[in-house]
Amino acid sequence: MAGFLIKRFLQAIFVVLCVTLLVAYAIRLTGDPALMLSQGAGSVTEDDLARIRTGLGLDRPFYVQYLEFLGGLFTLDFGRSFLGGTPVNQLIGRALPATLALALASLVVSIVISIPLGIASATRQGRWPGQVIRVLSLVGLSFPNFWLAIMLVLVFSISLQWLPPSGMEGWQSFLMPALTMGIILTATNVRLVRTAMLETLKQQYVTVARAKGLSERVVLYKHALRNCAIPLITYLGIQFGGLLGGIVVVERVFNWPGLGTLAFQAVADRDYPVLQGVIVVLSMLIVLVNLIVDIAYGLVDPRIRTE
Amino acid sequence: MTRWNRALRGALLTSALALVTAAQAQPAGTLTISSPQDPGSWDPIDTFLVNWSAVANNIFDGLVARTPDLKIIPGLATEWTISDDGLTYTFKLREGVTFHNGEPFNADAVKYTFDRLLGEEGAKGPQQSNYNAIDSVNVVDEKTVELKLSRPDPVLLTKLAGYGAMIVPPAYIAEKGDEYFNTHPVGTGPFTMTSYTARDAVELKAYDKFWGDKAKLENVTFRFITEPSTALAELQSGRVDMVIPPSVPIGSIPTIEADSKLEIVSTPGATVYSLRFNTRDGITADPRVRKALIMAVDRATINDAILAGQAKPIVSFQSEQTFGNDPSLEAIPFDTAGAQKLLDEAGVKPGTTLQIDVRGNDSTFNEVAQAVASYLSTVGITATIKPYETNVLLNDIIPAGRTGAMWQQAWGAWTFDYDNTAYLMYHKGERWNPYGDDPKLDALLESQRGMTNAQEREKVLQEIARYVADQALEMPLYNLNQIYAINKRVKNFIAPPDSRLRLTDVTVE
Amino acid sequence: MSLIADRPHSRWAVFRSFELVAGLVLVGGIGLAVILSPWLFPDNGMGVNLLARLRAPFSDWSHILGTDPLGRDVLGRVVAGGRISLLVGVASVAGGAAIGVFMGLVSGFYRGVWDMIVMRFADVQLALPFILLAITFIAILGGGLFNIIMLMIVSQWVQYARLVRGQVLALREREFVLSARSFGVSNFNLIWHHLLPNLLGPVIVLITLNVATNILLESSLTFLGLGVDPSTPSWGGMLADGRTYLQTAWWVSVFPGLAILLTVLGLNLLGDWLRDRLDPTGRTRQ
């Protein structure tokens, strides 16, 4: 087990290193921040540009800039934004909780929808409600999410005026973005719950519980549900990584003060320190979640370790 | 009724109440504005963004100020004289002005501001090059300063009304440092900045020791919202009172007009749009082809149909109010047959393709470009439209000469002087002129820069416009209004033509 | 009637699955309309008529679904727009699957250093947030059909590689492979005739689902202003353009939205049905 842990851990570090190198390099291809910072000025000479670059530290060789960035990672110092010099860790420190909170809320929304639907579809297997539920959950998966977001805003913010259309203030502002993100996961989770449920319902103890005369609801929610919790939770770990990657569009529509919004603006502004900070933090999170999931799998199912 | 049912009902009721409070209106005396972009730094020497001045024009003052009808009026200087050679400006400063931190405003502050702008600190930012006609600033006495110029700058006074020339507090910056000043700006304006959350929001409060008429509003909040449709949704749900340009696309105007709580306030602005040509390579190197392409497009119909009366056709690349505009200059007429004939003469075969580069996020211009492409197809030209991320187009594609045969040029000359446009667009080696190399045009552009006689200079500027039209260097399209969408509870708002809001007189109900 | 319906092994029994029938109808119907679009709408939905802007739907037989802000026929654009969406979906998946399956086969079969490299590569790629990466690269390369397809290929081959590798690892120890080997069957033959047919099932499932995903992705990128030429009709582009008009001219964006929804739904239904048949252990869960 220890060997497996060490190996997985070293792999994770290797991945993070590659990501940082790739990101730092790719970002420097996106264009010259000095041009960007001087674009409103009158006549700009090559000297002016060179001076701005020196001011930003971009005149140094790539490896120096990269090592500085890498060194900063250990102290969580990502440098300062090219736009106004706000420390990047301050920006990320505010945006990361917002993104994490939204991702968590999305998972919760998805679970809240999926469990009853999954159970219903398992117990009504083969009959029409089962079919309808399966198709409905696929409809959720098939929506272009930005379009769904705009529609939700139209109904709940503009027509009914119930929910704030953007920003993060209070629990109300979580509802629409979390639903938009969560609904994508629902199809998979319904399927997961259904499969687990069907499997459990065949087990002997359920038959025993039924025979004891326990009501169907108690059997389902107490016994069966407990048994499909493990695959569901493990799987949620995997989804969490995917959620973080896909959150950009939804954050933009809802003007969510998270990492996606921050990064999107940073691309436009050529704000290298902010952009590389955000991407690396997101990547580290994804790697971390995958690592935990893998280790959890390894603990549960020893066969995986050997592979 | 069971215990649970009751509890559930209670919970529902509470959440319904909470929902109602969420959608409640703003407190009185607070104005909330949606702005598309956070400039990151509020230091006047750091920025070039119009969205900077929408906020900062309320915090800072220049020596002079400019009204919404483009008149130069006294600001921190009460009066001024300009020497006959245009090289010495003398300003009498206003008495009894204090910065928001209590620091007194005086001649030293003015000198400090310009020394900083023109010195090392200013060199890191984009504003310095706008002011480098200024050679030195001398303190004559406590309330008098003298600006010495190395060459005449006919638009200097206008430039002193904004951006890099906003007066900053010397002791405050010396004590707190430049980094701190970026995010905690202090000026002499009618509002002080009480909080700034990067990429999120800015809060302003009325400054009770302001030298002029004090602000009628208590608080102003600016929220940074990138997506125009999100800003519109905020406006419609009553959580934002005003959406400033360019976040009100033409397509959303009917929506706003249909909402009884909202209205559109618009004013002719400085922003002009054109499709410029690659005059060096391909078919558009031939002036006949350029002229033909212009003739093929019914620009008047595009204006009427797409721009909903919010734009005026232009003949040269400037608005009507711009110094240098020539009302007698005539537009190249819409003439499909004539265009076809010119193209045949130039040997352009039907089915020839060309590319139009546009900003991907400008939904109004995207429609215009598609209409232009469809007009071009009537003379056998197949135009494809390539959307770019705005900053990529502005920084990598245009200056590097990597555009298609045509590209979108949007330009807001906030000084309202054609020189500010023409020189940068047509002079050899300028950033916005990647292809042109015309000694005659260069000479014209240079000649007017030294002129102190306004009438003579205007004549040369008009000649430049005529020359550019004659060479068909661009397809002039339109001058777009500055469009503001506001909640009707906002009163006394006069739309400025340059997005530089000054909210002193505005009130909310 | 009832007799046939009750026979579980009837040749037509598969069509009793609602998912299959609905999926086939949706994908087939939309696919057919899109393929026939050059004949159905000779102007490819690009005919601008500034005098007929924003006509409401169902009021005029020449524009059944109304017109957009440039007076173009919405129905024509929806049908022609499917070409871009389907092209992006199919081309990106074909490329991604081809590369991924090859990589997966090679690394699973030969293992060793090659396997190490491919799998670490895959790890790195899975750790990168895709959309952010896409935005960054499009900022470098510019938008456009080709770039978008390439980007999707680069980001998705990993899924196929991992899936195939896992299966090859399991299959290569199976009896039929071992015995084929002992008969001296060449590696190429072994892979081509014995391994590949056995692992195609889950790959087909993944392909179906990824076509759906990529159609959505294309529309997202176009929505962010990073997509294809706006004068070429595409569903994502129509949605993005139409959002400004949503409250005054809903038809401009609702119909392309429905087109995406129904196409993707059809593909997902098919994928779901295929998964039940071809991938009972659920390796292709996303």
# chains A, B, ... in the order shown; residues from 1 in each chain; ligands from 1
>>> interface_residues(of="chain C", to="chain A", cutoff="6 Å", atoms="only C-alpha atoms", output="list in words")
Val124, Ala127, Leu128, Pro129, Phe130, Ile140, Leu216, Leu261, Val264 and Leu265 of chain C
>>> write_last_selection(atoms="N, CA, C and O atoms", output="compact mmCIF listing (two decimals), in the first residue's frame")
# COMPACT_ATOMS: atom_id res chain seq x y z
N VAL C 124 -1.43 14.64 -17.57
CA VAL C 124 -1.25 16.09 -17.65
C VAL C 124 -2.47 16.72 -18.32
O VAL C 124 -3.03 17.71 -17.86
N ALA C 127 -5.50 16.97 -16.29
CA ALA C 127 -5.41 17.91 -15.17
C ALA C 127 -5.65 19.35 -15.61
O ALA C 127 -5.75 20.24 -14.80
N LEU C 128 -5.72 19.57 -16.93
CA LEU C 128 -5.89 20.94 -17.40
C LEU C 128 -7.36 21.26 -17.62
O LEU C 128 -8.08 20.46 -18.20
N PRO C 129 -7.80 22.39 -17.12
CA PRO C 129 -9.18 22.78 -17.36
C PRO C 129 -9.40 23.12 -18.84
O PRO C 129 -8.82 24.09 -19.35
N PHE C 130 -10.23 22.34 -19.52
CA PHE C 130 -10.29 22.42 -20.98
C PHE C 130 -10.68 23.78 -21.53
O PHE C 130 -10.01 24.34 -22.38
N ILE C 140 -4.32 32.60 -29.11
CA ILE C 140 -3.08 32.56 -29.88
C ILE C 140 -3.38 32.33 -31.35
O ILE C 140 -2.87 33.03 -32.23
N LEU C 216 -22.12 20.55 -28.22
CA LEU C 216 -22.35 21.53 -27.16
C LEU C 216 -21.13 22.43 -26.96
O LEU C 216 -21.26 23.64 -26.78
N LEU C 261 -30.59 21.07 -28.78
CA LEU C 261 -31.15 20.22 -27.74
C LEU C 261 -31.60 18.88 -28.32
O LEU C 261 -31.26 17.82 -27.80
N VAL C 264 -28.57 16.73 -29.74
CA VAL C 264 -27.76 16.19 -28.65
C VAL C 264 -28.55 15.15 -27.86
O VAL C 264 -28.02 14.10 -27.48
N LEU C 265 -29.83 15.43 -27.67
CA LEU C 265 -30.68 14.46 -26.97
C LEU C 265 -30.73 13.16 -27.75
O LEU C 265 -30.58 12.07 -27.18
>>> interface_residues(of="chain B", to="chain C", cutoff="8 Å", atoms="only C-alpha atoms", output="JSON, numbers by chain")
{"B": [229, 249, 251, 252, 254, 255, 301, 302, 305, 306, 360, 361, 363, 366, 367, 370, 371, 374, 384, 385, 386, 387, 388, 389, 392]}
>>> closest_atom_pairs(of="chain A", to="chain B", cutoff="9 Å", atoms="only C-alpha atoms", output="Markdown table")
| residue | atom | partner | partner_atom | distance |
| --- | --- | --- | --- | --- |
| A:Thr30 | CA | B:Val392 | CA | 8.3 |
| A:Gly31 | CA | B:Asp396 | CA | 6.8 |
| A:Asp32 | CA | B:Asn395 | CA | 7.7 |
| A:Pro33 | CA | B:Asn395 | CA | 8.8 |
| A:Leu35 | CA | B:Asn395 | CA | 5.8 |
| A:Met36 | CA | B:Asn395 | CA | 6.1 |
| A:Leu37 | CA | B:Pro126 | CA | 6.6 |
| A:Ser38 | CA | B:Pro126 | CA | 4.6 |
| A:Gln39 | CA | B:Phe48 | CA | 7.3 |
| A:Gly40 | CA | B:Phe48 | CA | 4.8 |
| A:Ala41 | CA | B:Pro126 | CA | 5.2 |
| A:Gly42 | CA | B:Asn130 | CA | 5.7 |
| A:Ser43 | CA | B:Glu430 | CA | 6.5 |
| A:Val44 | CA | B:Ser129 | CA | 7.2 |
| A:Thr45 | CA | B:Glu430 | CA | 8.8 |
| A:Asp48 | CA | B:Ala123 | CA | 7.4 |
| A:Arg51 | CA | B:Lys124 | CA | 6.6 |
| A:Ile52 | CA | B:Lys124 | CA | 5.2 |
| A:Arg53 | CA | B:Lys124 | CA | 8.7 |
| A:Thr54 | CA | B:Lys124 | CA | 8.8 |
| A:Gly55 | CA | B:Lys124 | CA | 6.4 |
| A:Leu56 | CA | B:Lys124 | CA | 8.9 |
| A:Ser81 | CA | B:Gly40 | CA | 8.3 |
| A:Phe82 | CA | B:Gly40 | CA | 8.4 |
| A:Leu83 | CA | B:Gly40 | CA | 4.8 |
| A:Gly84 | CA | B:Ser41 | CA | 3.9 |
| A:Gly85 | CA | B:Glu179 | CA | 6.6 |
| A:Thr86 | CA | B:Gly40 | CA | 7.7 |
| A:Leu91 | CA | B:Ala198 | CA | 7.3 |
| A:Ile150 | CA | B:Ser229 | CA | 8.4 |
| A:Val153 | CA | B:Ala233 | CA | 7.3 |
| A:Leu154 | CA | B:Ala233 | CA | 7.6 |
| A:Ser157 | CA | B:Ser237 | CA | 6.0 |
| A:Ile158 | CA | B:Ser237 | CA | 5.4 |
| A:Ser159 | CA | B:Ser237 | CA | 8.4 |
| A:Gln161 | CA | B:Ser237 | CA | 6.0 |
| A:Trp162 | CA | B:Leu19 | CA | 5.6 |
| A:Leu163 | CA | B:Ala23 | CA | 6.7 |
| A:Pro164 | CA | B:Ala23 | CA | 6.7 |
| A:Pro165 | CA | B:Glu234 | CA | 6.0 |
| A:Ser166 | CA | B:Thr230 | CA | 6.9 |
| A:Gly167 | CA | B:Asp200 | CA | 8.9 |
| A:Gly170 | CA | B:Ala22 | CA | 8.5 |
| A:Gln172 | CA | B:Leu19 | CA | 7.0 |
| A:Arg252 | CA | B:Glu227 | CA | 7.1 |
| A:Val253 | CA | B:Thr230 | CA | 6.4 |
| A:Phe254 | CA | B:Thr230 | CA | 6.8 |
| A:Asn255 | CA | B:Ile225 | CA | 6.2 |
| A:Pro257 | CA | B:Asp200 | CA | 6.8 |
| A:Thr261 | CA | B:Arg199 | CA | 8.8 |
| A:Leu262 | CA | B:Arg199 | CA | 7.4 |
| A:Gln265 | CA | B:Thr226 | CA | 8.7 |
| A:Ala268 | CA | B:Asn391 | CA | 6.2 |
| A:Asp269 | CA | B:Asn391 | CA | 7.4 |
| A:Arg270 | CA | B:Asn391 | CA | 8.6 |
>>> residues_around(residues="Ile191 in chain C", least_positions_apart="3", cutoff="10 Å", atoms="only C-alpha atoms", output="mmCIF file with C-alpha atoms, in the first residue's frame")
data_model
loop_
_atom_site.group_PDB
_atom_site.id
_atom_site.type_symbol
_atom_site.label_atom_id
_atom_site.label_comp_id
_atom_site.auth_asym_id
_atom_site.auth_seq_id
_atom_site.Cartn_x
_atom_site.Cartn_y
_atom_site.Cartn_z
ATOM 1 C CA LEU C 105 -3.630 -0.080 -28.384
ATOM 2 C CA VAL C 106 0.062 0.547 -28.654
ATOM 3 C CA PHE C 109 -0.091 -3.918 -25.985
ATOM 4 C CA VAL C 168 -6.171 -4.243 -23.910
ATOM 5 C CA ARG C 172 -4.121 -9.628 -23.586
ATOM 6 C CA VAL C 177 -5.256 -13.969 -27.243
ATOM 7 C CA VAL C 185 0.052 -14.833 -35.089
ATOM 8 C CA SER C 186 1.875 -11.580 -35.825
ATOM 9 C CA ASN C 187 1.392 -8.640 -33.503
ATOM 10 C CA PHE C 188 -0.370 -6.644 -36.190
ATOM 11 C CA HIS C 194 -8.393 -10.251 -32.168
ATOM 12 C CA LEU C 195 -8.107 -7.198 -29.959
ATOM 13 C CA LEU C 196 -9.738 -4.431 -31.938
ATOM 14 C CA PRO C 197 -13.078 -6.153 -32.610
ATOM 15 C CA ASN C 198 -13.368 -6.962 -28.937
#
>>> residues_around(residues="Gly75 in chain B", least_positions_apart="3", cutoff="10 Å", atoms="only C-alpha atoms", output="list of chain:residue names")
B:Asp61, B:Gly62, B:Leu63, B:Val64, B:Ala65, B:Arg66, B:Ile72, B:Thr78, B:Glu79, B:Leu93, B:Arg94, B:Leu160, B:Ala161, B:Gly189, B:Trp211, B:Gly212
>>> write_last_selection(atoms="N, CA, C and O atoms", output="PDB file, in the first residue's frame")
ATOM      1  N   ASP B  61      -9.831  65.554 -10.396  1.00  0.00           N
ATOM      2  CA  ASP B  61     -10.068  66.729 -11.232  1.00  0.00           C
ATOM      3  C   ASP B  61      -8.814  67.033 -12.018  1.00  0.00           C
ATOM      4  O   ASP B  61      -7.702  66.785 -11.555  1.00  0.00           O
ATOM      5  N   GLY B  62      -9.020  67.609 -13.196  1.00  0.00           N
ATOM      6  CA  GLY B  62      -7.901  68.168 -13.934  1.00  0.00           C
ATOM      7  C   GLY B  62      -7.848  69.663 -13.693  1.00  0.00           C
ATOM      8  O   GLY B  62      -8.707  70.229 -13.011  1.00  0.00           O
ATOM      9  N   LEU B  63      -6.823  70.325 -14.271  1.00  0.00           N
ATOM     10  CA  LEU B  63      -6.762  71.786 -14.158  1.00  0.00           C
ATOM     11  C   LEU B  63      -7.979  72.405 -14.811  1.00  0.00           C
ATOM     12  O   LEU B  63      -8.506  73.421 -14.355  1.00  0.00           O
ATOM     13  N   VAL B  64      -8.397  71.786 -15.915  1.00  0.00           N
ATOM     14  CA  VAL B  64      -9.626  72.237 -16.569  1.00  0.00           C
ATOM     15  C   VAL B  64     -10.573  71.054 -16.604  1.00  0.00           C
ATOM     16  O   VAL B  64     -10.203  69.932 -16.281  1.00  0.00           O
ATOM     17  N   ALA B  65     -11.817  71.317 -17.002  1.00  0.00           N
ATOM     18  CA  ALA B  65     -12.783  70.233 -17.123  1.00  0.00           C
ATOM     19  C   ALA B  65     -13.511  70.398 -18.449  1.00  0.00           C
ATOM     20  O   ALA B  65     -13.445  71.461 -19.068  1.00  0.00           O
ATOM     21  N   ARG B  66     -14.167  69.329 -18.885  1.00  0.00           N
ATOM     22  CA  ARG B  66     -14.920  69.436 -20.120  1.00  0.00           C
ATOM     23  C   ARG B  66     -16.368  69.052 -19.849  1.00  0.00           C
ATOM     24  O   ARG B  66     -16.642  68.046 -19.197  1.00  0.00           O
ATOM     25  N   ILE B  72     -14.629  73.554 -22.743  1.00  0.00           N
ATOM     26  CA  ILE B  72     -13.606  73.523 -21.709  1.00  0.00           C
ATOM     27  C   ILE B  72     -13.956  74.574 -20.663  1.00  0.00           C
ATOM     28  O   ILE B  72     -14.137  75.757 -20.997  1.00  0.00           O
ATOM     29  N   THR B  78      -8.737  78.311 -12.081  1.00  0.00           N
ATOM     30  CA  THR B  78      -9.891  79.186 -12.282  1.00  0.00           C
ATOM     31  C   THR B  78      -9.755  79.979 -13.568  1.00  0.00           C
ATOM     32  O   THR B  78     -10.738  80.364 -14.178  1.00  0.00           O
ATOM     33  N   GLU B  79      -8.519  80.270 -13.956  1.00  0.00           N
ATOM     34  CA  GLU B  79      -8.301  80.978 -15.221  1.00  0.00           C
ATOM     35  C   GLU B  79      -6.918  80.647 -15.744  1.00  0.00           C
ATOM     36  O   GLU B  79      -6.073  80.139 -15.009  1.00  0.00           O
ATOM     37  N   LEU B  93      -4.620  78.897  -9.841  1.00  0.00           N
ATOM     38  CA  LEU B  93      -5.258  77.741  -9.214  1.00  0.00           C
ATOM     39  C   LEU B  93      -6.361  78.138  -8.248  1.00  0.00           C
ATOM     40  O   LEU B  93      -6.341  79.217  -7.657  1.00  0.00           O
ATOM     41  N   ARG B  94      -7.299  77.225  -8.090  1.00  0.00           N
ATOM     42  CA  ARG B  94      -8.442  77.444  -7.205  1.00  0.00           C
ATOM     43  C   ARG B  94      -7.990  77.423  -5.743  1.00  0.00           C
ATOM     44  O   ARG B  94      -7.108  76.654  -5.364  1.00  0.00           O
ATOM     45  N   LEU B 160      -5.681  68.224 -20.818  1.00  0.00           N
ATOM     46  CA  LEU B 160      -5.545  68.530 -19.386  1.00  0.00           C
ATOM     47  C   LEU B 160      -6.846  68.261 -18.642  1.00  0.00           C
ATOM     48  O   LEU B 160      -6.878  68.231 -17.414  1.00  0.00           O
ATOM     49  N   ALA B 161      -7.942  68.059 -19.396  1.00  0.00           N
ATOM     50  CA  ALA B 161      -9.234  67.820 -18.745  1.00  0.00           C
ATOM     51  C   ALA B 161      -9.425  66.361 -18.364  1.00  0.00           C
ATOM     52  O   ALA B 161     -10.464  66.000 -17.821  1.00  0.00           O
ATOM     53  N   GLY B 189     -11.964  65.271  -6.349  1.00  0.00           N
ATOM     54  CA  GLY B 189     -13.276  65.253  -6.988  1.00  0.00           C
ATOM     55  C   GLY B 189     -14.433  65.142  -6.023  1.00  0.00           C
ATOM     56  O   GLY B 189     -14.243  65.024  -4.809  1.00  0.00           O
ATOM     57  N   TRP B 211     -14.891  71.168  -3.500  1.00  0.00           N
ATOM     58  CA  TRP B 211     -14.785  72.608  -3.751  1.00  0.00           C
ATOM     59  C   TRP B 211     -15.974  73.190  -4.517  1.00  0.00           C
ATOM     60  O   TRP B 211     -16.288  74.357  -4.399  1.00  0.00           O
ATOM     61  N   GLY B 212     -16.662  72.404  -5.300  1.00  0.00           N
ATOM     62  CA  GLY B 212     -17.765  72.935  -6.110  1.00  0.00           C
ATOM     63  C   GLY B 212     -19.100  72.553  -5.522  1.00  0.00           C
ATOM     64  O   GLY B 212     -19.215  72.349  -4.310  1.00  0.00           O
TER      65      GLY B 212
END
>>> select_by_dssp(residues="range 41-120 of chain C", states="alpha helix (DSSP H)", output="count of residues only")
46
>>> atom_distance(atom1="CA of Val368 in chain B", atom2="CA of Ser35 in chain B")
24.3 Å
>>> residues_around(residues="Leu75 in chain C", least_positions_apart="4", cutoff="7 Å", atoms="only C-alpha atoms", output="ChimeraX atom specification")
/C:64-65,79
>>> residues_around(residues="Tyr375 in chain B", least_positions_apart="5", cutoff="10 Å", atoms="only C-alpha atoms", output="ChimeraX atom specification")
/B:293-299,336,369-370,380-383 /C:48
>>> residues_around(residues="Pro116 in chain A", least_positions_apart="6", cutoff="10 Å", atoms="only C-alpha atoms", output="PyMOL selection string")
chain A and resi 122+190+193-194+221
>>> write_last_selection(atoms="all heavy atoms", output="PDB file, in the first residue's frame")
ATOM      1  N   ALA A 122     -35.581   2.944 -10.820  1.00  0.00           N
ATOM      2  CA  ALA A 122     -35.222   1.558 -10.533  1.00  0.00           C
ATOM      3  C   ALA A 122     -36.451   0.754 -10.122  1.00  0.00           C
ATOM      4  O   ALA A 122     -36.640  -0.380 -10.558  1.00  0.00           O
ATOM      5  CB  ALA A 122     -34.164   1.496  -9.436  1.00  0.00           C
ATOM      6  N   VAL A 190     -28.362   9.739 -12.059  1.00  0.00           N
ATOM      7  CA  VAL A 190     -29.597   8.950 -12.034  1.00  0.00           C
ATOM      8  C   VAL A 190     -29.282   7.518 -12.427  1.00  0.00           C
ATOM      9  O   VAL A 190     -29.704   6.561 -11.793  1.00  0.00           O
ATOM     10  CB  VAL A 190     -30.644   9.551 -13.007  1.00  0.00           C
ATOM     11  CG1 VAL A 190     -31.776   8.566 -13.242  1.00  0.00           C
ATOM     12  CG2 VAL A 190     -31.199  10.841 -12.446  1.00  0.00           C
ATOM     13  N   VAL A 193     -27.424   5.776  -9.598  1.00  0.00           N
ATOM     14  CA  VAL A 193     -28.303   5.404  -8.488  1.00  0.00           C
ATOM     15  C   VAL A 193     -29.173   4.218  -8.907  1.00  0.00           C
ATOM     16  O   VAL A 193     -29.334   3.258  -8.161  1.00  0.00           O
ATOM     17  CB  VAL A 193     -29.198   6.597  -8.076  1.00  0.00           C
ATOM     18  CG1 VAL A 193     -30.230   6.154  -7.050  1.00  0.00           C
ATOM     19  CG2 VAL A 193     -28.346   7.713  -7.515  1.00  0.00           C
ATOM     20  N   ARG A 194     -29.669   4.273 -10.141  1.00  0.00           N
ATOM     21  CA  ARG A 194     -30.556   3.211 -10.600  1.00  0.00           C
ATOM     22  C   ARG A 194     -29.830   1.868 -10.611  1.00  0.00           C
ATOM     23  O   ARG A 194     -30.330   0.872 -10.087  1.00  0.00           O
ATOM     24  CB  ARG A 194     -31.070   3.534 -11.996  1.00  0.00           C
ATOM     25  CG  ARG A 194     -32.129   2.550 -12.447  1.00  0.00           C
ATOM     26  CD  ARG A 194     -32.510   2.789 -13.864  1.00  0.00           C
ATOM     27  NE  ARG A 194     -31.316   2.762 -14.716  1.00  0.00           N
ATOM     28  CZ  ARG A 194     -31.359   2.655 -16.020  1.00  0.00           C
ATOM     29  NH1 ARG A 194     -32.506   2.586 -16.634  1.00  0.00           N
ATOM     30  NH2 ARG A 194     -30.255   2.646 -16.725  1.00  0.00           N
ATOM     31  N   TYR A 221     -34.967   3.651   1.298  1.00  0.00           N
ATOM     32  CA  TYR A 221     -34.112   4.761   1.713  1.00  0.00           C
ATOM     33  C   TYR A 221     -33.076   4.342   2.740  1.00  0.00           C
ATOM     34  O   TYR A 221     -31.991   4.867   2.771  1.00  0.00           O
ATOM     35  CB  TYR A 221     -34.962   5.932   2.213  1.00  0.00           C
ATOM     36  CG  TYR A 221     -35.499   6.733   1.062  1.00  0.00           C
ATOM     37  CD1 TYR A 221     -36.693   6.385   0.447  1.00  0.00           C
ATOM     38  CD2 TYR A 221     -34.778   7.821   0.550  1.00  0.00           C
ATOM     39  CE1 TYR A 221     -37.175   7.104  -0.620  1.00  0.00           C
ATOM     40  CE2 TYR A 221     -35.257   8.530  -0.522  1.00  0.00           C
ATOM     41  CZ  TYR A 221     -36.457   8.175  -1.104  1.00  0.00           C
ATOM     42  OH  TYR A 221     -36.904   8.882  -2.173  1.00  0.00           O
TER      43      TYR A 221
END
>>> atom_distance(atom1="CA of Leu31 in chain B", atom2="CA of Leu217 in chain B")
7.4 Å
>>> atom_distance(atom1="CA of Ile133 in chain A", atom2="CA of Gly266 in chain C")
15.5 Å
